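Visitor: Pasting protein14.cif here (mmCIF, C-alpha atoms):
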data_start
#
loop_
_atom_site.group_PDB
_atom_site.id
_atom_site.type_symbol
_atom_site.label_atom_id
_atom_site.label_comp_id
_atom_site.auth_asym_id
_atom_site.auth_seq_id
_atom_site.Cartn_x
_atom_site.Cartn_y
_atom_site.Cartn_z
ATOM 1 C CA MET A 1 134.163 89.823 142.340
ATOM 2 C CA ASN A 2 130.796 91.355 141.436
ATOM 3 C CA ARG A 3 129.986 94.348 139.219
ATOM 4 C CA ARG A 4 129.730 96.785 142.113
ATOM 5 C CA SER A 5 133.098 95.852 143.663
ATOM 6 C CA LEU A 6 134.742 96.054 140.238
ATOM 7 C CA LEU A 7 133.414 99.589 139.713
ATOM 8 C CA THR A 8 134.562 100.597 143.197
ATOM 9 C CA SER A 9 138.069 99.257 142.596
ATOM 10 C CA ALA A 10 138.334 101.051 139.257
ATOM 11 C CA LEU A 11 137.285 104.352 140.804
ATOM 12 C CA SER A 12 139.843 103.944 143.577
ATOM 13 C CA VAL A 13 142.649 103.459 141.045
ATOM 14 C CA LEU A 14 141.614 106.581 139.143
ATOM 15 C CA ALA A 15 141.488 108.579 142.349
ATOM 16 C CA VAL A 16 145.001 107.513 143.417
ATOM 17 C CA ARG A 17 146.410 108.518 140.037
ATOM 18 C CA GLY A 18 144.717 111.896 140.237
ATOM 19 C CA LEU A 19 142.778 111.344 137.032
ATOM 20 C CA PRO A 20 139.438 113.099 136.392
ATOM 21 C CA PHE A 21 136.604 110.617 136.742
ATOM 22 C CA THR A 22 133.463 112.681 137.416
ATOM 23 C CA SER A 23 131.859 111.902 134.060
ATOM 24 C CA TRP A 24 133.069 108.299 134.220
ATOM 25 C CA THR A 25 131.468 107.938 137.664
ATOM 26 C CA SER A 26 128.159 109.343 136.464
ATOM 27 C CA ARG A 27 128.132 106.990 133.517
ATOM 28 C CA ALA A 28 128.975 103.980 135.682
ATOM 29 C CA GLU A 29 126.283 104.823 138.202
ATOM 30 C CA ALA A 30 123.752 105.338 135.418
ATOM 31 C CA GLU A 31 124.613 101.958 133.880
ATOM 32 C CA GLU A 32 124.351 100.219 137.240
ATOM 33 C CA LYS A 33 121.004 101.890 137.942
ATOM 34 C CA ALA A 34 119.659 100.966 134.500
ATOM 35 C CA ALA A 35 120.643 97.349 135.081
ATOM 36 C CA SER A 36 118.590 97.248 138.310
ATOM 37 C CA TRP A 37 115.230 98.380 136.885
ATOM 38 C CA ARG A 38 112.467 95.842 137.466
ATOM 39 C CA HIS A 39 109.063 95.400 135.815
ATOM 40 C CA GLY A 40 107.635 93.878 139.003
ATOM 41 C CA LEU A 41 108.136 93.488 142.735
ATOM 42 C CA SER A 42 107.989 90.517 145.082
ATOM 43 C CA PRO A 43 109.320 90.205 148.651
ATOM 44 C CA PHE A 44 110.052 86.540 147.877
ATOM 45 C CA GLY A 45 112.327 87.252 144.923
ATOM 46 C CA ASP A 46 111.076 85.485 141.814
ATOM 47 C CA LEU A 47 108.128 86.787 139.801
ATOM 48 C CA LYS A 48 105.710 84.531 137.932
ATOM 49 C CA TYR A 49 105.429 86.894 134.964
ATOM 50 C CA PRO A 50 108.662 87.781 133.107
ATOM 51 C CA PHE A 51 109.566 91.097 131.538
ATOM 52 C CA GLY A 52 107.501 91.598 128.392
ATOM 53 C CA PHE A 53 104.592 89.374 129.457
ATOM 54 C CA LYS A 54 101.387 89.982 127.477
ATOM 55 C CA HIS A 55 98.705 89.638 130.161
ATOM 56 C CA PHE A 56 97.837 87.836 133.383
ATOM 57 C CA ASP A 57 96.970 84.145 132.965
ATOM 58 C CA TYR A 58 93.597 84.464 134.685
ATOM 59 C CA VAL A 59 92.099 86.970 132.212
ATOM 60 C CA ASN A 60 90.574 86.478 128.783
ATOM 61 C CA ALA A 61 92.673 88.735 126.613
ATOM 62 C CA ASN A 62 90.003 88.626 123.899
ATOM 63 C CA ALA A 63 87.046 89.371 126.164
ATOM 64 C CA PRO A 64 84.460 91.544 124.357
ATOM 65 C CA LYS A 65 83.876 95.111 125.470
ATOM 66 C CA GLY A 66 80.370 96.357 126.101
ATOM 67 C CA GLY A 67 77.240 95.873 128.195
ATOM 68 C CA ALA A 68 76.466 97.044 131.687
ATOM 69 C CA ALA A 69 76.516 95.570 135.165
ATOM 70 C CA CYS A 70 74.699 96.666 138.306
ATOM 71 C CA GLN A 71 75.864 95.915 141.846
ATOM 72 C CA ILE A 72 74.650 96.415 145.397
ATOM 73 C CA ALA A 73 76.049 99.107 147.676
ATOM 74 C CA LEU A 74 74.932 99.515 151.283
ATOM 75 C CA GLY A 75 74.453 102.840 153.032
ATOM 76 C CA PRO A 76 74.587 106.344 151.577
ATOM 77 C CA PHE A 77 77.538 108.228 150.055
ATOM 78 C CA ASP A 78 78.484 111.903 150.050
ATOM 79 C CA ASN A 79 82.117 112.013 148.953
ATOM 80 C CA PHE A 80 84.434 111.372 145.976
ATOM 81 C CA ASN A 81 87.663 112.391 147.745
ATOM 82 C CA MET A 82 89.727 109.277 148.569
ATOM 83 C CA VAL A 83 92.206 111.207 150.698
ATOM 84 C CA VAL A 84 89.726 111.871 153.524
ATOM 85 C CA ALA A 85 87.846 108.563 153.181
ATOM 86 C CA GLY A 86 87.258 107.046 156.602
ATOM 87 C CA VAL A 87 87.708 110.435 158.260
ATOM 88 C CA LYS A 88 85.138 112.669 156.619
ATOM 89 C CA GLY A 89 81.995 111.648 154.790
ATOM 90 C CA SER A 90 81.223 108.325 153.121
ATOM 91 C CA LEU A 91 83.195 107.515 149.955
ATOM 92 C CA ALA A 92 81.185 106.424 146.918
ATOM 93 C CA LEU A 93 81.737 102.787 146.010
ATOM 94 C CA GLY A 94 83.821 102.410 142.854
ATOM 95 C CA THR A 95 85.738 105.684 143.206
ATOM 96 C CA GLU A 96 88.974 103.713 142.811
ATOM 97 C CA LEU A 97 87.945 102.936 139.210
ATOM 98 C CA VAL A 98 88.647 106.558 138.302
ATOM 99 C CA TYR A 99 92.246 106.488 139.529
ATOM 100 C CA GLN A 100 95.389 104.388 139.100
ATOM 101 C CA THR A 101 98.201 103.212 141.348
ATOM 102 C CA LEU A 102 101.886 103.045 140.448
ATOM 103 C CA PHE A 103 101.894 99.235 140.494
ATOM 104 C CA VAL A 104 99.074 96.696 140.678
ATOM 105 C CA PRO A 105 99.035 93.239 142.336
ATOM 106 C CA SER A 106 98.491 90.044 140.375
ATOM 107 C CA LEU A 107 95.766 87.759 141.717
ATOM 108 C CA ASP A 108 97.538 84.446 141.168
ATOM 109 C CA GLU A 109 100.652 85.107 143.247
ATOM 110 C CA VAL A 110 101.110 85.389 146.978
ATOM 111 C CA SER A 111 102.496 88.926 146.954
ATOM 112 C CA SER A 112 103.614 90.387 143.637
ATOM 113 C CA GLU A 113 103.021 93.667 141.838
ATOM 114 C CA TYR A 114 103.536 94.790 138.251
ATOM 115 C CA GLY A 115 103.759 98.184 136.581
ATOM 116 C CA LEU A 116 100.658 100.274 135.958
ATOM 117 C CA LEU A 117 101.209 104.055 136.014
ATOM 118 C CA ALA A 118 104.896 103.266 136.496
ATOM 119 C CA GLU A 119 106.656 101.084 133.956
ATOM 120 C CA ALA A 120 109.584 100.131 136.174
ATOM 121 C CA VAL A 121 110.985 100.307 139.694
ATOM 122 C CA ASN A 122 114.365 99.905 141.333
ATOM 123 C CA HIS A 123 115.791 99.973 144.820
ATOM 124 C CA PRO A 124 119.218 99.467 146.405
ATOM 125 C CA ASP A 125 120.116 96.124 147.925
ATOM 126 C CA ASP A 126 119.503 97.444 151.436
ATOM 127 C CA PHE A 127 115.949 98.674 150.615
ATOM 128 C CA SER A 128 116.719 102.172 151.940
ATOM 129 C CA SER A 129 114.755 103.817 149.120
ATOM 130 C CA THR A 130 112.820 102.990 145.975
ATOM 131 C CA THR A 131 112.448 104.767 142.635
ATOM 132 C CA PHE A 132 109.536 104.506 140.187
ATOM 133 C CA ARG A 133 109.724 105.472 136.518
ATOM 134 C CA LEU A 134 106.401 106.698 135.110
ATOM 135 C CA ARG A 135 105.139 105.621 131.712
ATOM 136 C CA ALA A 136 105.549 108.325 129.077
ATOM 137 C CA GLU A 137 102.050 107.597 127.745
ATOM 138 C CA ALA A 138 100.286 107.873 131.128
ATOM 139 C CA LYS A 139 97.797 110.753 131.088
ATOM 140 C CA TRP A 140 94.800 112.199 132.863
ATOM 141 C CA HIS A 141 91.357 112.234 131.292
ATOM 142 C CA ASP A 142 91.924 115.855 130.265
ATOM 143 C CA GLY A 143 94.927 114.792 128.170
ATOM 144 C CA LYS A 144 97.651 116.148 130.462
ATOM 145 C CA PRO A 145 100.507 113.757 131.368
ATOM 146 C CA VAL A 146 100.870 112.131 134.759
ATOM 147 C CA THR A 147 104.016 113.650 136.274
ATOM 148 C CA PRO A 148 106.354 113.113 139.238
ATOM 149 C CA ALA A 149 104.772 116.241 140.755
ATOM 150 C CA ASP A 150 101.448 114.381 140.847
ATOM 151 C CA VAL A 151 103.084 111.475 142.675
ATOM 152 C CA ILE A 152 104.716 113.766 145.241
ATOM 153 C CA PHE A 153 101.476 115.714 145.730
ATOM 154 C CA SER A 154 99.537 112.472 146.285
ATOM 155 C CA PHE A 155 102.055 111.084 148.756
ATOM 156 C CA ASP A 156 102.091 114.293 150.794
ATOM 157 C CA ALA A 157 98.277 114.514 150.825
ATOM 158 C CA PHE A 158 97.681 110.924 151.940
ATOM 159 C CA LYS A 159 100.461 111.013 154.540
ATOM 160 C CA LYS A 160 99.148 114.231 156.080
ATOM 161 C CA LEU A 161 95.375 113.693 155.874
ATOM 162 C CA SER A 162 94.759 109.936 155.867
ATOM 163 C CA PRO A 163 95.377 108.225 159.248
ATOM 164 C CA GLN A 164 95.369 104.771 157.678
ATOM 165 C CA LEU A 165 97.858 105.528 154.913
ATOM 166 C CA GLY A 166 99.749 107.928 157.129
ATOM 167 C CA SER A 167 100.646 104.986 159.357
ATOM 168 C CA SER A 168 101.650 102.917 156.306
ATOM 169 C CA PHE A 169 103.972 105.734 155.225
ATOM 170 C CA LEU A 170 105.396 106.252 158.703
ATOM 171 C CA HIS A 171 108.865 105.088 157.648
ATOM 172 C CA VAL A 172 108.906 107.057 154.391
ATOM 173 C CA VAL A 173 110.811 110.311 154.897
ATOM 174 C CA LYS A 174 109.928 112.061 151.658
ATOM 175 C CA ALA A 175 109.234 111.767 147.940
ATOM 176 C CA GLU A 176 111.361 113.688 145.448
ATOM 177 C CA GLN A 177 111.754 113.930 141.686
ATOM 178 C CA THR A 178 115.097 112.440 140.648
ATOM 179 C CA ALA A 179 114.712 112.451 136.837
ATOM 180 C CA GLU A 180 112.269 113.605 134.173
ATOM 181 C CA ARG A 181 109.820 110.747 134.841
ATOM 182 C CA GLU A 182 111.248 109.352 138.060
ATOM 183 C CA VAL A 183 110.196 109.702 141.699
ATOM 184 C CA THR A 184 112.260 108.402 144.607
ATOM 185 C CA PHE A 185 110.880 107.605 148.059
ATOM 186 C CA ARG A 186 113.445 107.835 150.874
ATOM 187 C CA PHE A 187 112.986 105.557 153.895
ATOM 188 C CA THR A 188 113.965 106.148 157.527
ATOM 189 C CA SER A 189 115.911 102.889 157.692
ATOM 190 C CA SER A 190 116.993 99.970 155.541
ATOM 191 C CA GLY A 191 115.980 96.330 155.422
ATOM 192 C CA ASN A 192 112.202 96.640 154.962
ATOM 193 C CA ARG A 193 111.469 94.546 151.858
ATOM 194 C CA LYS A 194 107.771 95.473 151.838
ATOM 195 C CA LEU A 195 108.107 99.257 151.642
ATOM 196 C CA PRO A 196 108.708 99.389 147.857
ATOM 197 C CA GLN A 197 105.469 97.428 147.413
ATOM 198 C CA VAL A 198 103.605 99.685 149.832
ATOM 199 C CA MET A 199 104.636 102.692 147.759
ATOM 200 C CA GLY A 200 103.657 100.872 144.575
ATOM 201 C CA GLN A 201 100.065 100.821 145.850
ATOM 202 C CA LEU A 202 99.927 104.613 146.179
ATOM 203 C CA THR A 203 96.896 106.083 144.372
ATOM 204 C CA ILE A 204 97.995 109.006 142.206
ATOM 205 C CA LEU A 205 95.906 112.192 142.116
ATOM 206 C CA PRO A 206 96.107 115.105 139.642
ATOM 207 C CA GLN A 207 97.840 118.024 141.341
ATOM 208 C CA HIS A 208 96.728 120.573 138.733
ATOM 209 C CA TRP A 209 93.062 119.631 139.199
ATOM 210 C CA TRP A 210 93.043 119.645 142.986
ATOM 211 C CA GLU A 211 94.887 122.943 143.146
ATOM 212 C CA GLY A 212 92.484 124.495 140.643
ATOM 213 C CA ALA A 213 88.924 125.799 140.987
ATOM 214 C CA ASP A 214 85.542 124.197 140.338
ATOM 215 C CA SER A 215 82.903 125.399 137.855
ATOM 216 C CA ASP A 216 81.731 128.013 140.387
ATOM 217 C CA GLY A 217 85.234 129.427 140.758
ATOM 218 C CA LYS A 218 85.713 127.982 144.250
ATOM 219 C CA LYS A 219 89.184 126.617 144.999
ATOM 220 C CA ARG A 220 89.185 122.884 145.593
ATOM 221 C CA ASP A 221 90.306 121.524 148.962
ATOM 222 C CA ILE A 222 92.116 118.160 149.123
ATOM 223 C CA GLY A 223 91.267 118.001 152.830
ATOM 224 C CA ALA A 224 87.495 118.263 152.389
ATOM 225 C CA THR A 225 84.715 116.048 151.062
ATOM 226 C CA THR A 226 83.351 116.764 147.601
ATOM 227 C CA LEU A 227 80.621 115.588 145.252
ATOM 228 C CA GLU A 228 82.313 117.107 142.230
ATOM 229 C CA PRO A 229 83.232 114.233 139.856
ATOM 230 C CA PRO A 230 87.036 114.028 140.094
ATOM 231 C CA LEU A 231 89.536 114.036 137.258
ATOM 232 C CA GLY A 232 91.240 110.671 136.979
ATOM 233 C CA SER A 233 93.573 108.583 134.837
ATOM 234 C CA GLY A 234 91.804 105.227 135.176
ATOM 235 C CA PRO A 235 89.649 103.068 132.910
ATOM 236 C CA TYR A 236 86.373 104.656 134.108
ATOM 237 C CA ARG A 237 84.944 108.093 134.809
ATOM 238 C CA ILE A 238 81.766 109.125 136.602
ATOM 239 C CA LYS A 239 78.893 109.408 134.127
ATOM 240 C CA GLU A 240 76.041 110.346 136.477
ATOM 241 C CA PHE A 241 74.969 109.983 140.071
ATOM 242 C CA SER A 242 72.266 110.732 142.583
ATOM 243 C CA ALA A 243 73.895 111.394 145.950
ATOM 244 C CA GLY A 244 73.203 108.568 148.365
ATOM 245 C CA ARG A 245 71.100 106.609 145.840
ATOM 246 C CA ASN A 246 73.153 105.445 142.857
ATOM 247 C CA ILE A 247 76.218 106.134 140.783
ATOM 248 C CA VAL A 248 77.147 105.135 137.215
ATOM 249 C CA TYR A 249 80.684 104.838 135.844
ATOM 250 C CA GLU A 250 81.355 104.785 132.092
ATOM 251 C CA ARG A 251 84.352 103.167 130.436
ATOM 252 C CA VAL A 252 86.858 105.646 128.986
ATOM 253 C CA LYS A 253 87.016 104.674 125.312
ATOM 254 C CA ASP A 254 90.435 106.256 124.705
ATOM 255 C CA TYR A 255 91.920 105.060 127.998
ATOM 256 C CA TRP A 256 95.698 105.360 127.716
ATOM 257 C CA GLY A 257 96.450 102.145 129.644
ATOM 258 C CA SER A 258 94.313 99.636 127.767
ATOM 259 C CA ASN A 259 97.408 97.894 126.346
ATOM 260 C CA VAL A 260 99.412 97.803 129.565
ATOM 261 C CA PRO A 261 99.966 94.064 130.280
ATOM 262 C CA ALA A 262 98.421 94.306 133.761
ATOM 263 C CA ASN A 263 95.229 95.768 132.203
ATOM 264 C CA VAL A 264 94.707 93.535 129.173
ATOM 265 C CA GLY A 265 91.454 91.573 129.453
ATOM 266 C CA ARG A 266 90.081 93.729 132.268
ATOM 267 C CA ASP A 267 87.591 96.618 132.561
ATOM 268 C CA ASN A 268 85.268 95.213 129.896
ATOM 269 C CA PHE A 269 81.866 96.644 130.859
ATOM 270 C CA ASP A 270 80.878 99.901 129.183
ATOM 271 C CA GLU A 271 78.963 100.871 132.325
ATOM 272 C CA LEU A 272 79.209 99.910 135.975
ATOM 273 C CA ARG A 273 76.310 100.953 138.188
ATOM 274 C CA PHE A 274 76.028 100.816 141.980
ATOM 275 C CA GLU A 275 72.543 100.920 143.525
ATOM 276 C CA TYR A 276 72.517 101.999 147.161
ATOM 277 C CA PHE A 277 70.340 100.358 149.811
ATOM 278 C CA ARG A 278 70.150 101.203 153.506
ATOM 279 C CA ASP A 279 68.808 97.767 154.397
ATOM 280 C CA ALA A 280 70.567 94.515 153.461
ATOM 281 C CA THR A 281 67.283 92.596 153.340
ATOM 282 C CA VAL A 282 65.867 95.012 150.776
ATOM 283 C CA ALA A 283 69.096 94.659 148.787
ATOM 284 C CA ILE A 284 68.619 90.877 148.657
ATOM 285 C CA GLU A 285 65.094 91.325 147.351
ATOM 286 C CA ALA A 286 66.454 93.674 144.669
ATOM 287 C CA PHE A 287 68.847 90.914 143.621
ATOM 288 C CA LYS A 288 65.986 88.408 143.415
ATOM 289 C CA THR A 289 64.010 90.704 141.117
ATOM 290 C CA ASN A 290 66.958 91.347 138.757
ATOM 291 C CA THR A 291 67.257 94.989 139.810
ATOM 292 C CA VAL A 292 70.942 94.238 140.386
ATOM 293 C CA ASP A 293 73.051 91.640 138.576
ATOM 294 C CA TRP A 294 75.034 90.088 141.426
ATOM 295 C CA ARG A 295 75.763 90.332 145.101
ATOM 296 C CA THR A 296 78.639 89.215 147.295
ATOM 297 C CA GLU A 297 77.761 86.896 150.159
ATOM 298 C CA ILE A 298 80.145 86.192 153.004
ATOM 299 C CA ALA A 299 79.595 82.859 154.751
ATOM 300 C CA ARG A 300 80.946 83.859 158.148
ATOM 301 C CA ARG A 301 80.786 80.453 159.843
ATOM 302 C CA ILE A 302 83.053 78.756 157.346
ATOM 303 C CA GLY A 303 85.111 81.823 156.462
ATOM 304 C CA ARG A 304 84.513 81.412 152.761
ATOM 305 C CA LEU A 305 83.590 83.969 150.151
ATOM 306 C CA ARG A 306 80.792 82.993 147.801
ATOM 307 C CA LEU A 307 79.736 84.996 144.747
ATOM 308 C CA CYS A 308 76.046 84.888 143.901
ATOM 309 C CA GLY A 309 75.054 85.950 140.418
ATOM 310 C CA GLY A 310 74.339 84.707 136.957
ATOM 311 C CA HIS A 311 71.773 87.187 135.660
ATOM 312 C CA ARG A 312 72.326 87.748 131.953
ATOM 313 C CA GLU A 313 69.956 90.685 131.780
ATOM 314 C CA ALA A 314 71.700 94.067 131.568
ATOM 315 C CA CYS A 315 71.153 96.452 134.452
ATOM 316 C CA ARG A 316 68.147 98.639 133.939
ATOM 317 C CA ALA A 317 68.844 102.378 134.196
#
Please rewrite the model in this file as structure tokens.
Guide:
Amino acid sequence: MNRRSLLTSALSVLAVRGLPFTSWTSRAEAEEKAASWRHGLSPFGDLKYPFGFKHFDYVNANAPKGGAACQIALGPFDNFNMVVAGVKGSLALGTELVYQTLFVPSLDEVSSEYGLLAEAVNHPDDFSSTTFRLRAEAKWHDGKPVTPADVIFSFDAFKKLSPQLGSSFLHVVKAEQTAEREVTFRFTSSGNRKLPQVMGQLTILPQHWWEGADSDGKKRDIGATTLEPPLGSGPYRIKEFSAGRNIVYERVKDYWGSNVPANVGRDNFDELRFEYFRDATVAIEAFKTNTVDWRTEIARRIGRLRLCGGHREACRA
């Protein structure tokens, strides 16, 4: 007999005897729910990193902070709004550095995720829903806390306006707040072991910022492109940019998530710069002259990814 069947049997006995058990039921359900919280997700069951792990094995937890790095970006950009990326405008490279997802994948496992904005997750045995519990310390760059309302707002925006993510969320009925720091996603059916992980990869946007007005008093539109630097909760913010030419991100010195295990040893550069080139040949020449610090080369014939780099010189502004 397992814990669930024992609870069910006990409730049945109380019901037959006509005894009040509303509060007892609530307490039992709360205890069972608390026992099912997980610090990570994997469709294969076991996780490499246990609860309370300090950092991922592939990072240097004592890596120094500082310096700058410059990378190549091809084509122009005219948008910082991730929701309409791929539909309207061209999203600036590195925009994801400004934001955070609920969970983040580890790079040394086949398919596992660990808490980032959310500290824990649970789901019933039939995978008919999943609930994320946000970290109490999670906050936006303006100091306001990340809330379940932000999660719900983000889910609704991506599902409605992003064709790519809309298809990923096809079997998610709705998102609703189920506790002070908890959000539950309801699914159309049970049995899909990947859906909790799909929801863990949801990028969270600040509802209060998007529903507010810009410096000119114009109301922001989540369904339109924008070149207004967005408010985020991530390790970087936009420092400066020249539309279509370059963009510089600066590390947030008081970043709330620097001690989250999944973040330790990462995001070490004080500045990350992307130089835009319309021609790949010109971009290669820029790499040769140390204008950029590294480039990614894809060897198509052998299907292997090779990283070219090694410049020690900091990126010139």
Visitor: From the list A:Gln71, A:Ser162, A:Pro50, A:Ile222, which residue is nearest Ala286 in chain A when using all atoms listed in the file?
Guide: A:Gln71
Visitor: So which residues touch range 206-215 of chain A within 12 Å, counting only C-alpha atoms, skipping near sequence neighbours fewer than 6 positions away, as a ChimeraX atom specification?
Guide: /A:81,83,98-100,138-157,221-224,226-234
Visitor: What's the 7 Å shell around Arg237 in chain A, counting all atoms listed in the file, without same-chain residues fewer than 5 positions away, as a PyMOL selection string?
Guide: chain A and resi 98+249-252
Visitor: If I put a ball of radius 7 Å at (81.4, 108.2, 140.7) in the file's coordinates, which residues poke into it when counting only C-alpha atoms, written as JSON, numbers by chain?
Guide: {"A": [80, 92, 94, 95, 229, 237, 238, 241, 247, 248, 249]}
Visitor: Just checking: using only C-alpha atoms, which residue out of A:Tyr58, A:Phe169, A:Tyr236, A:Tyr255 ends up closest to Glu271 in chain A?
Guide: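 Closest candidate: A:Tyr236.
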